[in-house]
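S.K.: My structure is in input.csv, and what it holds is CSV, C-alpha atoms:
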chain,number,residue,atom,x,y,z
Y,1,MET,CA,63.5,96.9,87.9
Y,2,GLY,CA,67.2,97.7,88.4
Y,3,TYR,CA,66.4,101.5,88.5
Y,4,ALA,CA,63.7,100.9,91.1
Y,5,ILE,CA,66.1,99.1,93.4
Y,6,PHE,CA,69.3,101.0,92.8
Y,7,GLY,CA,67.9,104.4,91.9
Y,8,ASN,CA,70.4,106.4,89.9
Y,9,ARG,CA,73.4,104.9,91.7
Y,10,VAL,CA,75.9,103.1,89.6
Y,11,ASN,CA,77.2,100.8,92.3
Y,12,VAL,CA,76.9,97.6,90.3
Y,13,LYS,CA,80.4,97.6,89.2
Y,14,THR,CA,81.7,95.3,86.6
Y,15,SER,CA,84.5,93.1,87.8
Y,16,PRO,CA,86.7,90.8,85.8
Y,17,LEU,CA,85.7,88.1,88.3
Y,18,VAL,CA,82.0,88.2,87.3
Y,19,GLY,CA,81.2,85.1,85.4
Y,20,ASN,CA,84.5,83.4,86.5
Y,21,LYS,CA,85.4,81.0,89.3
Y,22,ALA,CA,85.5,82.8,92.6
Y,23,PRO,CA,89.0,82.8,94.1
Y,24,GLU,CA,89.4,80.1,96.7
Y,25,PHE,CA,90.0,81.2,100.3
Y,26,THR,CA,90.2,79.7,103.8
Y,27,LEU,CA,89.3,81.8,106.8
Y,28,LYS,CA,89.3,81.3,110.5
Y,29,THR,CA,86.2,83.0,111.8
Y,30,PHE,CA,86.1,85.1,114.9
Y,31,ASP,CA,84.2,82.1,116.5
Y,32,GLY,CA,87.2,79.9,115.7
Y,33,GLU,CA,85.7,77.9,112.9
Y,34,ASP,CA,87.5,77.1,109.6
Y,35,LEU,CA,85.7,78.3,106.6
Y,36,LYS,CA,86.7,77.2,103.1
Y,37,LEU,CA,84.9,78.5,100.0
Y,38,SER,CA,85.1,75.2,98.1
Y,39,ASP,CA,83.3,73.5,101.0
Y,40,LEU,CA,80.3,75.7,100.3
Y,41,LYS,CA,79.7,74.3,96.8
Y,42,GLY,CA,76.0,73.9,96.2
Y,43,LYS,CA,75.2,77.0,98.2
Y,44,THR,CA,74.8,80.6,97.3
Y,45,VAL,CA,77.4,82.7,99.0
Y,46,LEU,CA,77.2,86.4,99.9
Y,47,LEU,CA,80.7,87.6,100.6
Y,48,ASN,CA,80.7,91.0,102.3
Y,49,PHE,CA,83.9,93.0,102.9
Y,50,TRP,CA,83.7,95.5,105.8
Y,51,ALA,CA,85.7,97.4,108.3
Y,52,SER,CA,84.8,98.7,111.8
Y,53,TRP,CA,85.7,102.4,110.8
Y,54,CYS,CA,83.4,102.2,107.8
Y,55,MET,CA,80.2,104.1,108.2
Y,56,PRO,CA,78.3,102.7,105.2
Y,57,CYS,CA,79.1,99.2,106.7
Y,58,ARG,CA,77.2,100.2,109.8
Y,59,GLN,CA,74.4,101.4,107.6
Y,60,GLU,CA,74.0,98.1,105.8
Y,61,ALA,CA,74.5,95.9,108.9
Y,62,GLY,CA,70.8,95.8,109.7
Y,63,ALA,CA,69.8,94.8,106.2
Y,64,LEU,CA,72.5,92.0,106.2
Y,65,GLU,CA,71.2,90.6,109.5
Y,66,LYS,CA,67.6,90.6,108.4
Y,67,SER,CA,68.4,89.1,105.0
Y,68,TRP,CA,70.5,86.4,106.7
Y,69,GLN,CA,67.6,85.5,109.0
Y,70,LYS,CA,65.5,85.2,105.8
Y,71,TYR,CA,67.9,83.1,103.8
Y,72,LYS,CA,69.9,81.1,106.3
Y,73,ASP,CA,67.7,78.0,105.8
Y,74,LYS,CA,67.6,78.4,102.1
Y,75,ASP,CA,71.1,77.3,101.1
Y,76,VAL,CA,72.4,80.8,101.3
Y,77,VAL,CA,75.6,81.5,103.3
Y,78,PHE,CA,76.6,85.0,104.5
Y,79,ILE,CA,80.2,85.6,105.2
Y,80,GLY,CA,81.7,88.9,106.5
Y,81,VAL,CA,85.3,89.5,105.8
Y,82,ASN,CA,87.0,92.2,107.9
Y,83,VAL,CA,89.7,94.2,106.2
Y,84,TRP,CA,92.2,97.0,107.1
Y,85,ASP,CA,91.3,96.8,110.7
Y,86,GLU,CA,92.5,96.0,114.2
Y,87,ASN,CA,91.3,92.8,115.8
Y,88,SER,CA,89.9,94.6,118.9
Y,89,SER,CA,88.0,97.2,116.8
Y,90,ALA,CA,86.6,94.4,114.6
Y,91,LEU,CA,85.4,92.5,117.7
Y,92,SER,CA,83.9,95.6,119.2
Y,93,TYR,CA,82.1,96.3,115.9
Y,94,LEU,CA,80.7,92.7,115.8
Y,95,GLY,CA,79.3,93.1,119.3
Y,96,LYS,CA,77.2,96.0,118.1
Y,97,PHE,CA,76.5,95.2,114.4
Y,98,GLY,CA,77.8,91.7,113.7
Y,99,GLY,CA,74.6,89.7,113.4
Y,100,GLY,CA,74.4,86.0,113.5
Y,101,TYR,CA,76.4,84.9,110.4
Y,102,SER,CA,80.1,84.2,110.3
Y,103,HIS,CA,82.8,86.8,110.2
Y,104,ALA,CA,86.5,86.5,109.8
Y,105,MET,CA,89.5,88.7,109.4
Y,106,ASP,CA,91.3,88.6,106.0
Y,107,PRO,CA,94.4,86.8,107.4
Y,108,ASN,CA,97.1,88.1,105.2
Y,109,GLU,CA,95.1,90.9,103.6
Y,110,GLU,CA,95.2,88.9,100.4
Y,111,ILE,CA,91.7,87.7,99.9
Y,112,GLN,CA,90.5,91.3,99.3
Y,113,VAL,CA,93.1,91.7,96.6
Y,114,ASP,CA,92.2,88.3,95.1
Y,115,TYR,CA,88.6,89.7,94.8
Y,116,GLY,CA,89.7,93.1,93.6
Y,117,VAL,CA,88.2,95.0,96.6
Y,118,GLY,CA,88.8,98.7,96.2
Y,119,GLY,CA,86.9,99.9,99.3
Y,120,VAL,CA,84.4,98.9,101.9
Y,121,PRO,CA,81.7,97.8,101.9
Y,122,GLU,CA,81.9,95.6,98.8
Y,123,THR,CA,79.8,92.5,98.3
Y,124,TYR,CA,80.3,89.5,96.0
Y,125,PHE,CA,77.5,87.1,95.1
Y,126,ILE,CA,78.8,83.6,94.4
Y,127,ASP,CA,76.4,81.0,92.9
Y,128,SER,CA,76.2,77.3,93.8
Y,129,SER,CA,78.7,76.3,91.2
Y,130,GLY,CA,81.3,78.6,92.7
Y,131,LYS,CA,81.1,81.4,90.1
Y,132,VAL,CA,81.1,85.0,90.9
Y,133,ARG,CA,77.8,86.3,89.6
Y,134,ASP,CA,77.8,89.9,90.8
Y,135,LYS,CA,79.7,92.6,92.7
Y,136,PHE,CA,78.1,95.4,94.5
Y,137,THR,CA,79.9,98.4,95.9
Y,138,GLY,CA,78.3,100.5,98.7
Y,139,PRO,CA,75.8,99.8,101.4
Y,140,LEU,CA,73.3,97.0,100.8
Y,141,THR,CA,69.6,97.2,101.4
Y,142,GLU,CA,67.3,94.2,101.9
Y,143,GLN,CA,65.9,94.8,98.4
Y,144,ILE,CA,69.4,94.8,96.8
Y,145,ILE,CA,70.3,91.6,98.7
Y,146,ASP,CA,67.1,89.9,97.5
Y,147,TYR,CA,67.8,91.0,93.9
Y,148,PHE,CA,71.3,89.6,93.8
Y,149,VAL,CA,70.7,86.5,95.9
Y,150,LEU,CA,67.7,85.5,93.7
Y,151,LYS,CA,69.7,86.3,90.6
Y,152,ALA,CA,72.6,84.1,91.8
Y,153,GLN,CA,70.1,81.3,92.5
Y,154,GLN,CA,68.9,81.3,88.9
Y,155,PRO,CA,70.8,79.5,86.1
Y,156,GLU,CA,73.3,81.8,84.5
Y,157,GLU,CA,71.9,81.6,81.0
Y,158,ASN,CA,68.6,83.1,82.2
Y,159,GLU,CA,70.2,86.4,83.3
Y,160,SER,CA,68.9,89.5,81.6
I,161,MET,CA,124.0,128.1,58.6
I,162,ILE,CA,123.1,124.4,58.9
I,163,ASN,CA,123.7,122.6,55.7
I,164,PHE,CA,121.1,119.8,55.6
I,165,SER,CA,121.4,117.0,53.2
I,166,ILE,CA,119.8,113.6,52.9
I,167,LYS,CA,123.1,112.0,53.8
I,168,ASN,CA,123.4,114.0,57.0
I,169,THR,CA,119.8,113.0,57.9
I,170,LEU,CA,120.5,109.3,57.4
I,171,ILE,CA,123.6,109.5,59.6
I,172,LEU,CA,121.5,111.2,62.3
I,173,TYR,CA,118.8,108.6,62.1
I,174,THR,CA,121.3,105.8,62.2
I,175,PHE,CA,123.0,107.3,65.2
I,176,LEU,CA,119.6,107.7,67.0
I,177,LEU,CA,118.7,104.1,66.2
I,178,ILE,CA,122.0,102.8,67.6
I,179,THR,CA,121.6,104.9,70.7
I,180,ILE,CA,118.1,103.5,71.3
I,181,LEU,CA,119.4,99.9,70.8
I,182,ILE,CA,122.2,100.3,73.2
I,183,ALA,CA,119.9,101.9,75.8
I,184,SER,CA,117.4,99.1,75.5
I,185,GLN,CA,120.1,96.5,75.7
I,186,SER,CA,121.6,98.0,78.9
I,187,GLN,CA,118.1,98.3,80.3
I,188,LEU,CA,117.6,94.5,79.8
I,189,LEU,CA,120.9,93.8,81.5
I,190,ALA,CA,120.0,96.1,84.4
I,191,ASN,CA,116.6,94.3,84.8
I,192,GLU,CA,118.4,90.9,85.1
I,193,ASN,CA,120.5,92.2,88.0
I,194,LYS,CA,117.7,93.9,89.9
I,195,SER,CA,117.2,93.1,93.6
I,196,ILE,CA,113.7,92.1,94.9
I,197,ASP,CA,113.3,95.6,96.4
I,198,ASP,CA,113.9,97.2,93.0
I,199,GLN,CA,111.6,94.8,91.3
I,200,VAL,CA,108.8,95.4,93.9
I,201,LYS,CA,109.3,99.1,93.3
I,202,GLU,CA,109.2,98.8,89.5
I,203,ILE,CA,106.1,96.6,89.5
I,204,SER,CA,104.3,98.8,92.1
I,205,TYR,CA,104.8,101.8,89.8
I,206,LEU,CA,103.1,99.9,87.0
I,207,LEU,CA,99.9,99.4,89.1
I,208,MET,CA,97.4,102.1,90.0
I,209,CYS,CA,96.1,102.3,93.5
I,210,PRO,CA,92.4,101.4,93.4
I,211,VAL,CA,91.5,103.6,96.3
I,212,CYS,CA,93.6,106.7,95.4
I,213,GLN,CA,93.2,109.5,93.0
I,214,GLY,CA,95.8,109.2,90.3
I,215,GLN,CA,98.5,107.5,92.4
I,216,SER,CA,100.3,104.4,91.7
I,217,VAL,CA,100.7,101.6,94.2
I,218,GLY,CA,104.4,102.6,94.5
I,219,GLU,CA,103.5,106.1,95.4
I,220,SER,CA,100.5,105.5,97.7
I,221,ASN,CA,100.6,105.1,101.5
I,222,SER,CA,97.1,103.6,101.7
I,223,ASN,CA,96.5,100.2,103.4
I,224,LEU,CA,95.5,98.6,100.1
I,225,ALA,CA,98.6,99.9,98.3
I,226,HIS,CA,100.7,98.5,101.2
I,227,ASP,CA,98.9,95.1,100.9
I,228,MET,CA,99.4,95.1,97.2
I,229,ARG,CA,103.2,95.8,97.5
I,230,ASP,CA,103.4,92.9,100.0
I,231,ILE,CA,101.6,90.6,97.5
I,232,VAL,CA,104.0,91.7,94.7
I,233,ARG,CA,107.0,90.9,97.0
I,234,LYS,CA,105.5,87.5,97.9
I,235,GLN,CA,104.8,86.6,94.3
I,236,LEU,CA,108.4,87.6,93.3
I,237,GLU,CA,109.8,85.5,96.1
I,238,GLU,CA,107.6,82.6,94.7
I,239,GLY,CA,109.4,83.0,91.4
I,240,LYS,CA,106.6,84.7,89.4
I,241,SER,CA,107.6,86.9,86.6
I,242,LYS,CA,106.6,90.6,86.3
I,243,GLU,CA,104.0,89.6,83.6
I,244,GLU,CA,102.4,86.9,85.8
I,245,ILE,CA,102.1,89.4,88.7
I,246,LEU,CA,100.6,92.1,86.5
I,247,ALA,CA,98.2,89.4,85.1
I,248,TYR,CA,97.1,88.5,88.6
I,249,PHE,CA,96.1,92.1,89.4
I,250,VAL,CA,94.4,92.5,86.1
I,251,ASN,CA,92.4,89.3,86.8
I,252,SER,CA,91.2,90.8,90.1
I,253,TYR,CA,90.7,94.5,89.2
I,254,GLY,CA,90.6,94.7,85.4
I,255,GLU,CA,92.9,96.5,83.1
I,256,SER,CA,92.2,99.8,84.7
I,257,ILE,CA,94.6,98.7,87.4
I,258,LEU,CA,97.5,99.1,85.0
I,259,ALA,CA,99.3,102.5,85.0
I,260,SER,CA,99.7,102.3,81.2
I,261,PRO,CA,97.3,100.6,78.8
I,262,PRO,CA,98.4,97.2,77.5
I,263,PRO,CA,99.5,97.3,73.9
I,264,LYS,CA,96.6,95.4,72.3
I,265,GLY,CA,93.5,96.2,70.3
I,266,ILE,CA,92.7,99.9,70.0
I,267,ASN,CA,95.4,100.6,72.7
I,268,TRP,CA,98.0,99.9,70.1
I,269,LEU,CA,97.2,103.4,68.7
I,270,LEU,CA,98.3,105.0,72.0
I,271,TRP,CA,101.7,103.2,71.8
I,272,LEU,CA,102.2,103.7,68.1
I,273,LEU,CA,101.0,107.3,67.6
I,274,PRO,CA,103.9,109.0,69.5
I,275,GLY,CA,106.5,107.0,67.5
I,276,VAL,CA,104.7,107.7,64.2
I,277,ALA,CA,104.4,111.4,65.1
I,278,ILE,CA,108.1,111.6,65.9
I,279,ILE,CA,109.0,109.8,62.6
I,280,PHE,CA,106.7,111.9,60.4
I,281,GLY,CA,107.5,115.1,62.4
I,282,GLY,CA,111.2,114.4,61.8
I,283,LEU,CA,110.7,113.7,58.2
I,284,GLY,CA,108.6,116.8,57.8
I,285,ILE,CA,111.2,119.0,59.5
I,286,THR,CA,113.9,117.4,57.3
I,287,LEU,CA,111.9,117.9,54.2
I,288,PHE,CA,111.2,121.5,55.2
I,289,LEU,CA,114.8,122.3,55.9
I,290,TYR,CA,115.9,120.5,52.7
I,291,LYS,CA,113.4,122.4,50.6
I,292,SER,CA,114.3,125.7,52.2
I,293,GLN,CA,118.0,125.0,51.5
I,294,GLY,CA,117.1,124.2,47.9
I,295,ASN,CA,115.1,127.4,47.6
I,296,LYS,CA,118.0,129.5,48.9
I,297,SER,CA,120.4,128.0,46.4
I,298,GLU,CA,117.9,128.6,43.7
I,299,GLU,CA,117.5,132.2,44.8
I,300,LYS,CA,121.3,132.6,44.7
I,301,GLN,CA,121.4,131.1,41.2
I,302,SER,CA,118.6,133.3,40.0
I,303,LYS,CA,120.2,136.4,41.6
I,304,ALA,CA,123.4,135.6,39.8
I,305,LYS,CA,121.6,135.1,36.5
I,306,THR,CA,119.7,138.4,36.7
I,307,LYS,CA,122.4,140.9,37.4
I,308,PRO,CA,121.0,144.4,37.8
I,309,GLU,CA,121.1,146.4,34.6
I,310,VAL,CA,124.0,148.8,34.5
I,311,ASN,CA,123.0,152.3,33.9
I,312,ASN,CA,125.4,153.0,31.0
I,313,ASP,CA,124.6,156.7,30.8
I,314,TYR,CA,125.4,157.2,34.4
I,315,ILE,CA,128.8,155.3,34.2
I,316,LYS,CA,129.6,157.3,31.0
I,317,ARG,CA,129.0,160.5,32.9
I,318,ILE,CA,131.2,159.4,35.8
I,319,GLU,CA,134.0,158.5,33.4
I,320,GLU,CA,133.7,161.9,31.6
I,321,GLU,CA,133.8,163.7,35.0
I,322,LEU,CA,136.9,161.7,36.0
I,323,GLU,CA,138.6,162.5,32.7
I,324,LYS,CA,137.8,166.1,33.2
I,325,ASP,CA,139.4,166.1,36.6
I,326,ASN,CA,142.5,164.3,35.4
I,327,SER,CA,143.0,166.7,32.5
Give the structure from this file in structure tokens form.
M.R.:
Amino acid sequence: MGYAIFGNRVNVKTSPLVGNKAPEFTLKTFDGEDLKLSDLKGKTVLLNFWASWCMPCRQEAGALEKSWQKYKDKDVVFIGVNVWDENSSALSYLGKFGGGYSHAMDPNEEIQVDYGVGGVPETYFIDSSGKVRDKFTGPLTEQIIDYFVLKAQQPEENES
Amino acid sequence: MINFSIKNTLILYTFLLITILIASQSQLLANENKSIDDQVKEISYLLMCPVCQGQSVGESNSNLAHDMRDIVRKQLEEGKSKEEILAYFVNSYGESILASPPPKGINWLLWLLPGVAIIFGGLGITLFLYKSQGNKSEEKQSKAKTKPEVNNDYIKRIEEELEKDNS
């Protein structure tokens, strides 16, 4: 199953955060909303780190938007976190590739380090209890998103 | 010629031990008096930059390394210790973020082997020198014992020839 989705890529990196409580964060979205992770308890969270200059981020943007449309009414929250970027470049990127879900700039460039981000795009899947269930490095596809979102929605002990 | 003895070796080792103790003590004192800048630098060199090839956070100019140095500074200003700051980065990135492996589990071997190699190497060299000294003195003794046989006939002839000349 894993090979069918990911091919021979080894992008599913182990992170010390997997299986542990996701670091708390508060973000001010580009739309001016306050977004706090602990307020999203009970929902599955897809936390995607991106930058406007990142080509693989553009590559995955369509899949993120389509998946968000599919999951937005199923207690799944998509959050885009912009890192290592200029505000104007980020806004210009969002105009073209942003999609309908919330995006925010990492205010002090600290959230990325809290999560151990080592490049973009990187995506964390957080379950309804607030635990990091998986980390994926590289551009997402709809299939990959489905795989991890569904996995995060299952109880942890049933993981294979 | 170096005259090696067990006594000399012990003196040498004691001297080395005292030097190491003094150096570590002065290092501790120096650490206590370090400025925030120096501490940021020190901790940054203990962390590997996750987006660079073989560069520490202290060496790298990448955005991430810059952010990490800022976080180190902020945490120092909050009063966190070096160990707490390193633990924070290990919690986020794993132990691969550390420039040198932590001394635990199998990693202990990496920390102990150089010391063990130095001690055993030193002992081996000492033993070798001590033995070669011993062999040399044994050779001297055996040389002294086995004096070359004097050719009496030859000496007799020389003496006869000398007497002839004198007469």
S.K.: Taking 2 positions as the minimum chain separation for residues in the same chain, which residues sit within 9 Å of stretch 79-96 of chain Y when counting all atoms listed in the file? Answer as a PyMOL selection string.
M.R.: (chain Y and resi 27+29-30+45-53+58+77+98-99+101-107+109+111-112+120) or (chain I and resi 223-224)
S.K.: Mind listing as a list in words which residues of chain I are within 7 Å of chain Y, counting all atoms listed in the file?
M.R.: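 Within 7 Å of chain Y on chain I, we get Pro210, Val211, Asn223, Asp227, Asn251, Ser252, Tyr253 and Gly254 of chain I.
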S.K.: In terms of the shortest atom-to-atom distance over all atoms listed in the file, which of Y:Glu33, Y:Asp75, Y:Glu65, Y:Glu24 is closest to Y:Thr141?
M.R.: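 Closest residue, counting all atoms listed in the file: Y:Glu65.
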S.K.: For a test of reading the model, state the distance in Å between atom CA of Y:Phe125 and atom CA of Y:Ile145, rounded to one decimal.
M.R.: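 So the two atoms, atom CA of Y:Phe125 and atom CA of Y:Ile145, lie 9.2 Å apart.
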S.K.: Could you state the separation of atom CA of I:Leu207 and atom CA of I:Lys240 in Å, given to one decimal place?
M.R.: 16.2 Å
S.K.: What is the atom CA of I:Gly282-atom CA of I:Ile180 distance in Å, reported with one decimal?
M.R.: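 Distance reported for this atom pair: 16.0 Å.
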S.K.: For Y:Lys21, work out the shell of residues within 9 Å, counting all atoms listed in the file and skipping chain neighbours fewer than 4 positions away, then give it as an NGL selection string.
M.R.: :Y and (17 or 126 or 129-132)
